[in-house]
Amino acid sequence: MNRNLLWRGLVVVVVVSACAFSAFPLADSINLGLDLRGGIHLLLEVLTDDALRAEAQKDIDSLIQELAEKGVEGTSALTETPTRFRLSGLPPDQDGLLPTIIEENVPYWTWRRSGEEVIFERRPDEVNTIREQAIDQALQTIRNRVDEFGVAEPVIQRQGLGSNRLVVQLPGVDDPERVKNLIKNTAFLEFRLAVYPESGGAAFDREEILNRYGGTLPENLEIAAQDQRDDNGNVVGQVYYALERRPVITGRDLKTARAGLGQFQEPVVNFSLTHEGAQIFETWTGANIGRPLAIVLDGKVQSAPIIEGRIGESGGVIRGSFTQQEVEDLATVLRSGALPAGINYLQQQAVGPSLGQDSIDQGTRAFLFGIVLVILAMLVVYKASGINAMVALALNFVLVFGVLAYFGAALTLPGIAGLILTIGMAVDANVLVFERIREELHNGRTVKAAVVSGFGKAWSSILDANLTTLIAAIFLINFGTGAIRGFAVTLTVGILASVFTAVFNSRLLFDLLLSRSGRVERLSI
Amino acid sequence: MEFFRNTSFDFMRARRVCLTLSAVAVIAALGYIFSRQLNLGIDFAGGTQMIVQFDEPPDVQELRGLLQEAGIENASIQAFGEEGDNSIILKTPVADDEEQRSSASRVEEVLERRYNSDVSGFDLNRQGTEALASMLLGADPDGMRATGDDIGAREHYREAAAEVMALRRTGGLIRDWSEIQPGEALSPEALAVITDGATFGHFAVQSSDSVLPQIGGELRRKGLLAIAFSLAGILTYIWFRFELRFGIGALVALAHDVAVCLGLFAFAGYEFNLTTIAAFLTVIGYSVNDSVVVFDRVRENLRRNRRESLVAVLNRSLNQTLSRTALTSGTTLLAVGCLFVLGGDVIRGFSFLLLVGVLVGTYSSIYVASPIVLIWETTFGRARREKRAAAA
């Protein structure tokens, strides 16, 4: 055997064994796509305007307060857009106050006088910063929430640079509704003083409370409802409280939250407080012993226990008629931090486990049948040389699976289709070569010459034919999402592998055959 | 075995007939497509699509009525999968109503009322692993919480729940208590909690997709761009590698293939969705691939023998590559045919398109691409130019 052959043989052996090493055992190394494995794919947008609006409101409040401290009372603001508001009630001769107040408190706003009003606009770079922060924070919050869920390989990422969209992929998760609610949950928790009923209990209708205050509620109060549930957790009615509008502390002041069991073995959420939160809460609860404290979640009262003593950093218990699942989700959401802005689902995809399994079974069957039929066809047409094509085909799949496994590319149902298509096309390169060899043999060349010139002449066709398909496949990779990308990737890898196996490996096999047996008179083709 | 040894078919002789036939086919296909709305999938049109499996064959007619009553308009329902799967595929053009309630959850409510009126409590066919784990954790039959390791307890019950839910992977839905047996993580006590507190309803949602129209529009645009770019890429390549007339031939053959396949695809009533775009790009690649192999041979023969007429060269090249064309198409057809027959309903449309794509692409590489080269040459080619020059 000459050196050249040895070298080429070595290359084939190394490449193939590297791929085989990467690909086996197949079941562990190949990453199944969501459509085969089951799971959830969500595309959501972060409504960053929410965050801008909230920031604007904060700044308006501090602006009005500062003006009042400087002696200008009675100013008010009207928010026009999330980045723009009109301040009225400031006399034009007081404009001189604005530059320092803005500089010291809200430096990211520009202002200009327009008649009776002053128009404030947020600086564009600052608008971007807030949007970016909102998206980053939403990403982090969602990541925290999903991590609690025990998902093996979650994907949570921005859809593209500068986009306000997030992609969430949770393979294997079979509770789509629960996940969607968990991610979207604002879980806005507040601790507020219940002013009526003063010493516990609740009112059975709104009128009872209104009557108590002579028909209209004072400015600083509002009525909030609490759901009454039966043993199965179904809502059977509501009771009401009059609450102070201003919360004592909110979910932001919580340090931890954990699902636990209450004194009657009922599911509750245990929480502890941050240092600052605890300081406020401790003083406040100390001053209000004996009065009811309403725990309000997204505007609904969960429970209104009587304050029995000071509550500090060690925290307390959120009771309500919760199920186990609800306390777990509530604890998760409270722990993960609040979403800075609302979330809107643009695309939701949930694949149950059995559908994926069906697809795997059907895809595998089609794949195996396809391979067997194609191999039979090659053997019938090219006799012994068909074996060469068969080896090429087998190696082709070792290479494809090896590359897929190495890059961790997900195998999807269209990906399996791509593999099946590759079976058909992979033999194309072999066919081009074999046909050429046959022609050369018919033209009376020796076997050796026919093989050499067959490979030589077929090369141009192989290159052109595969490159055109490759161009289409590469555009598809860039365009595609999820399943489609899986198809394009397997097709691309399949094409490259088929060129390698057909040209490099098949040639090697022929050359080996020719070098061994001295002068070869006949070639079975 | 050799099918086509030293053939000398006169392919070019039939060029008028074939081109006429092809032209008619293209016009018919385009006419068919434009005379009606394409059956767009939800990823392009927006909407909701669900696959639901029942424990007994559902009454599709009745379901349509119920959805209509519930205000879910224009829902299409078809049987899905094999006989005995008792599955339906349901499509509505609406993803969200005004209150952002998803169509999927509204459909589930309708199904719940109709099929699960006798079922209450935890539904093993509707809820998932995490929910079941929560339920078990709440009841704590294995006394795991006493240890104080809440995370460990959660993990333990999650594994137990996963064992139960794995039954749905094979059977689609759980129909009988005898299917659930204690296992590695599922203790008899935990199983008792499940039999006590849970039940199984009469249907399971196997998949649910929903896309807002806004996203559908974007995907449509991106899909068309992908096709446009890959066409441009392929043509640029051919332009570099071959003379203009071959590029024209390949391009016309390609346009022909796309139009005819699109027409057949629409005629067969398949849904046009993201995977269809993938199939189309593949057909495009395949179609050009076939033409290019023939042209490669033509180029070679032209170089070797400059005297021969173009018709003769084309014919000879087609004959020389005929065996390859037949064999490659044959093996690809075998593979894609397997996919079409055995690959299942989810990608039936996709495999259909590949199947007709290979057939039409093979035909066009012989009967469209080469004749166009000939026509281009006789109309605009050198011979024509010389004649004009002589006349002037």
# chains A, B, ... in the order shown; residues from 1 in each chain; ligands from 1
>>> residues_around(residues="segment 342-346 of chain B", least_positions_apart="2", cutoff="9 Å", atoms="only C-alpha atoms", output="list in words")
Asp358, Ser359, Asp361, Gln362, Gly363, Thr364, Arg365, Ala366, Phe367, Phe369, Leu413 and Ala417 of chain A; Phe80, Gly81, Glu82, Gly337, Cys338, Leu339, Phe340, Arg348, Gly349, Phe350 and Ser351 of chain B
>>> write_last_selection(atoms="C-alpha atoms", output="PDB file, in the first residue's frame")
ATOM      1  CA  ASP A 358     -45.494   9.541  17.585  1.00  0.00           C
ATOM      2  CA  SER A 359     -43.398  11.807  15.393  1.00  0.00           C
ATOM      3  CA  ASP A 361     -41.641   6.688  15.749  1.00  0.00           C
ATOM      4  CA  GLN A 362     -42.984   7.668  12.347  1.00  0.00           C
ATOM      5  CA  GLY A 363     -39.851   9.569  11.400  1.00  0.00           C
ATOM      6  CA  THR A 364     -37.606   6.674  12.386  1.00  0.00           C
ATOM      7  CA  ARG A 365     -39.692   4.211  10.436  1.00  0.00           C
ATOM      8  CA  ALA A 366     -39.656   6.367   7.305  1.00  0.00           C
ATOM      9  CA  PHE A 367     -35.918   6.850   7.712  1.00  0.00           C
ATOM     10  CA  PHE A 369     -37.417   2.129   5.136  1.00  0.00           C
ATOM     11  CA  LEU A 413     -39.280  16.502  12.795  1.00  0.00           C
ATOM     12  CA  ALA A 417     -37.235  14.823   6.931  1.00  0.00           C
TER      13      ALA A 417
ATOM     14  CA  PHE B  80     -56.095  13.597  12.786  1.00  0.00           C
ATOM     15  CA  GLY B  81     -53.731  10.659  12.793  1.00  0.00           C
ATOM     16  CA  GLU B  82     -54.715   7.071  12.301  1.00  0.00           C
ATOM     17  CA  GLY B 337     -41.929   8.426  -0.818  1.00  0.00           C
ATOM     18  CA  CYS B 338     -41.194   6.646   2.463  1.00  0.00           C
ATOM     19  CA  LEU B 339     -41.461   9.971   4.225  1.00  0.00           C
ATOM     20  CA  PHE B 340     -44.785  10.691   2.559  1.00  0.00           C
ATOM     21  CA  ARG B 348     -47.586  15.158   5.168  1.00  0.00           C
ATOM     22  CA  GLY B 349     -47.852  18.455   3.293  1.00  0.00           C
ATOM     23  CA  PHE B 350     -44.114  18.905   3.527  1.00  0.00           C
ATOM     24  CA  SER B 351     -43.346  15.471   2.124  1.00  0.00           C
TER      25      SER B 351
END
>>> residues_around(residues="segment 322-338 of chain A", least_positions_apart="3", cutoff="6 Å", atoms="only C-alpha atoms", output="short mmCIF file (atom, residue, chain, number, x, y, z; two decimals) with C-alpha atoms, in the first residue's frame")
data_model
loop_
_atom_site.label_atom_id
_atom_site.label_comp_id
_atom_site.auth_asym_id
_atom_site.auth_seq_id
_atom_site.Cartn_x
_atom_site.Cartn_y
_atom_site.Cartn_z
CA THR A 141 -37.21 37.76 36.52
CA ASN A 144 -35.68 33.16 38.13
CA ARG A 145 -39.24 31.97 37.87
CA THR A 256 -37.49 35.66 50.77
CA ALA A 257 -40.75 33.83 50.30
CA ARG A 258 -41.23 30.12 50.73
CA ALA A 259 -44.14 27.74 50.50
CA PRO A 267 -50.61 25.69 52.45
CA VAL A 268 -49.22 29.15 53.25
CA VAL A 269 -46.36 31.38 52.14
CA SER B 134 -47.71 20.07 43.82
CA GLY B 138 -49.52 19.15 49.52
#
>>> interface_residues(of="chain B", to="chain A", cutoff="7 Å", atoms="only C-alpha atoms", output="MDAnalysis selection string")
chainID B and resid 1:2 127:131 134:135 138 168:170 172 206:212 215 222 226 230 233:234 275 278 281:282 285:286 288:289 292:293 296 324 328 331:332 334:336 338:339 342:344
>>> select_by_dssp(residues="segment 231-378 of chain A", states="strand (DSSP E)", output="VMD selection string")
chain A and resid 235 to 244 249 to 250 254 to 261 267 to 273 293 to 297 300 to 303 316 to 318 343 to 351
>>> residues_around(residues="segment 126-134 of chain A", least_positions_apart="4", cutoff="10 Å", atoms="only C-alpha atoms", output="PyMOL selection string")
chain A and resi 46-52+55+82-83+107-109+121-122+138-140+162-164+339-342
>>> write_last_selection(atoms="C-alpha atoms", output="PDB file, in the first residue's frame")
ATOM      1  CA  VAL A  46     -42.106  43.174  27.096  1.00  0.00           C
ATOM      2  CA  LEU A  47     -44.384  46.194  27.131  1.00  0.00           C
ATOM      3  CA  THR A  48     -41.577  48.608  27.933  1.00  0.00           C
ATOM      4  CA  ASP A  49     -43.978  51.553  27.812  1.00  0.00           C
ATOM      5  CA  ASP A  50     -45.244  50.314  31.163  1.00  0.00           C
ATOM      6  CA  ALA A  51     -41.831  50.808  32.683  1.00  0.00           C
ATOM      7  CA  LEU A  52     -41.518  54.272  31.138  1.00  0.00           C
ATOM      8  CA  GLU A  55     -40.758  55.945  35.889  1.00  0.00           C
ATOM      9  CA  PRO A  82     -44.903  57.388  28.285  1.00  0.00           C
ATOM     10  CA  THR A  83     -42.093  59.853  27.602  1.00  0.00           C
ATOM     11  CA  PRO A 107     -32.047  65.314  35.335  1.00  0.00           C
ATOM     12  CA  TYR A 108     -33.173  63.218  32.373  1.00  0.00           C
ATOM     13  CA  TRP A 109     -36.043  65.472  31.330  1.00  0.00           C
ATOM     14  CA  GLU A 121     -39.926  65.272  27.550  1.00  0.00           C
ATOM     15  CA  ARG A 122     -37.589  62.494  28.546  1.00  0.00           C
ATOM     16  CA  ALA A 138     -37.873  41.007  32.734  1.00  0.00           C
ATOM     17  CA  LEU A 139     -35.418  38.466  31.354  1.00  0.00           C
ATOM     18  CA  GLN A 140     -33.860  37.986  34.762  1.00  0.00           C
ATOM     19  CA  GLY A 162     -32.414  45.721  20.497  1.00  0.00           C
ATOM     20  CA  SER A 163     -35.641  43.796  20.280  1.00  0.00           C
ATOM     21  CA  ASN A 164     -38.207  43.879  23.058  1.00  0.00           C
ATOM     22  CA  LEU A 339     -41.813  42.232  36.420  1.00  0.00           C
ATOM     23  CA  PRO A 340     -40.914  45.809  35.490  1.00  0.00           C
ATOM     24  CA  ALA A 341     -43.525  45.868  32.755  1.00  0.00           C
ATOM     25  CA  GLY A 342     -46.435  43.891  31.421  1.00  0.00           C
TER      26      GLY A 342
END
>>> residues_around(residues="Leu90 of chain A", least_positions_apart="6", cutoff="9 Å", atoms="only C-alpha atoms", output="list in words")
Leu67, Val72, Glu73, Gly74, Thr75, Ser76, Glu116, Glu117 and Val118 of chain A
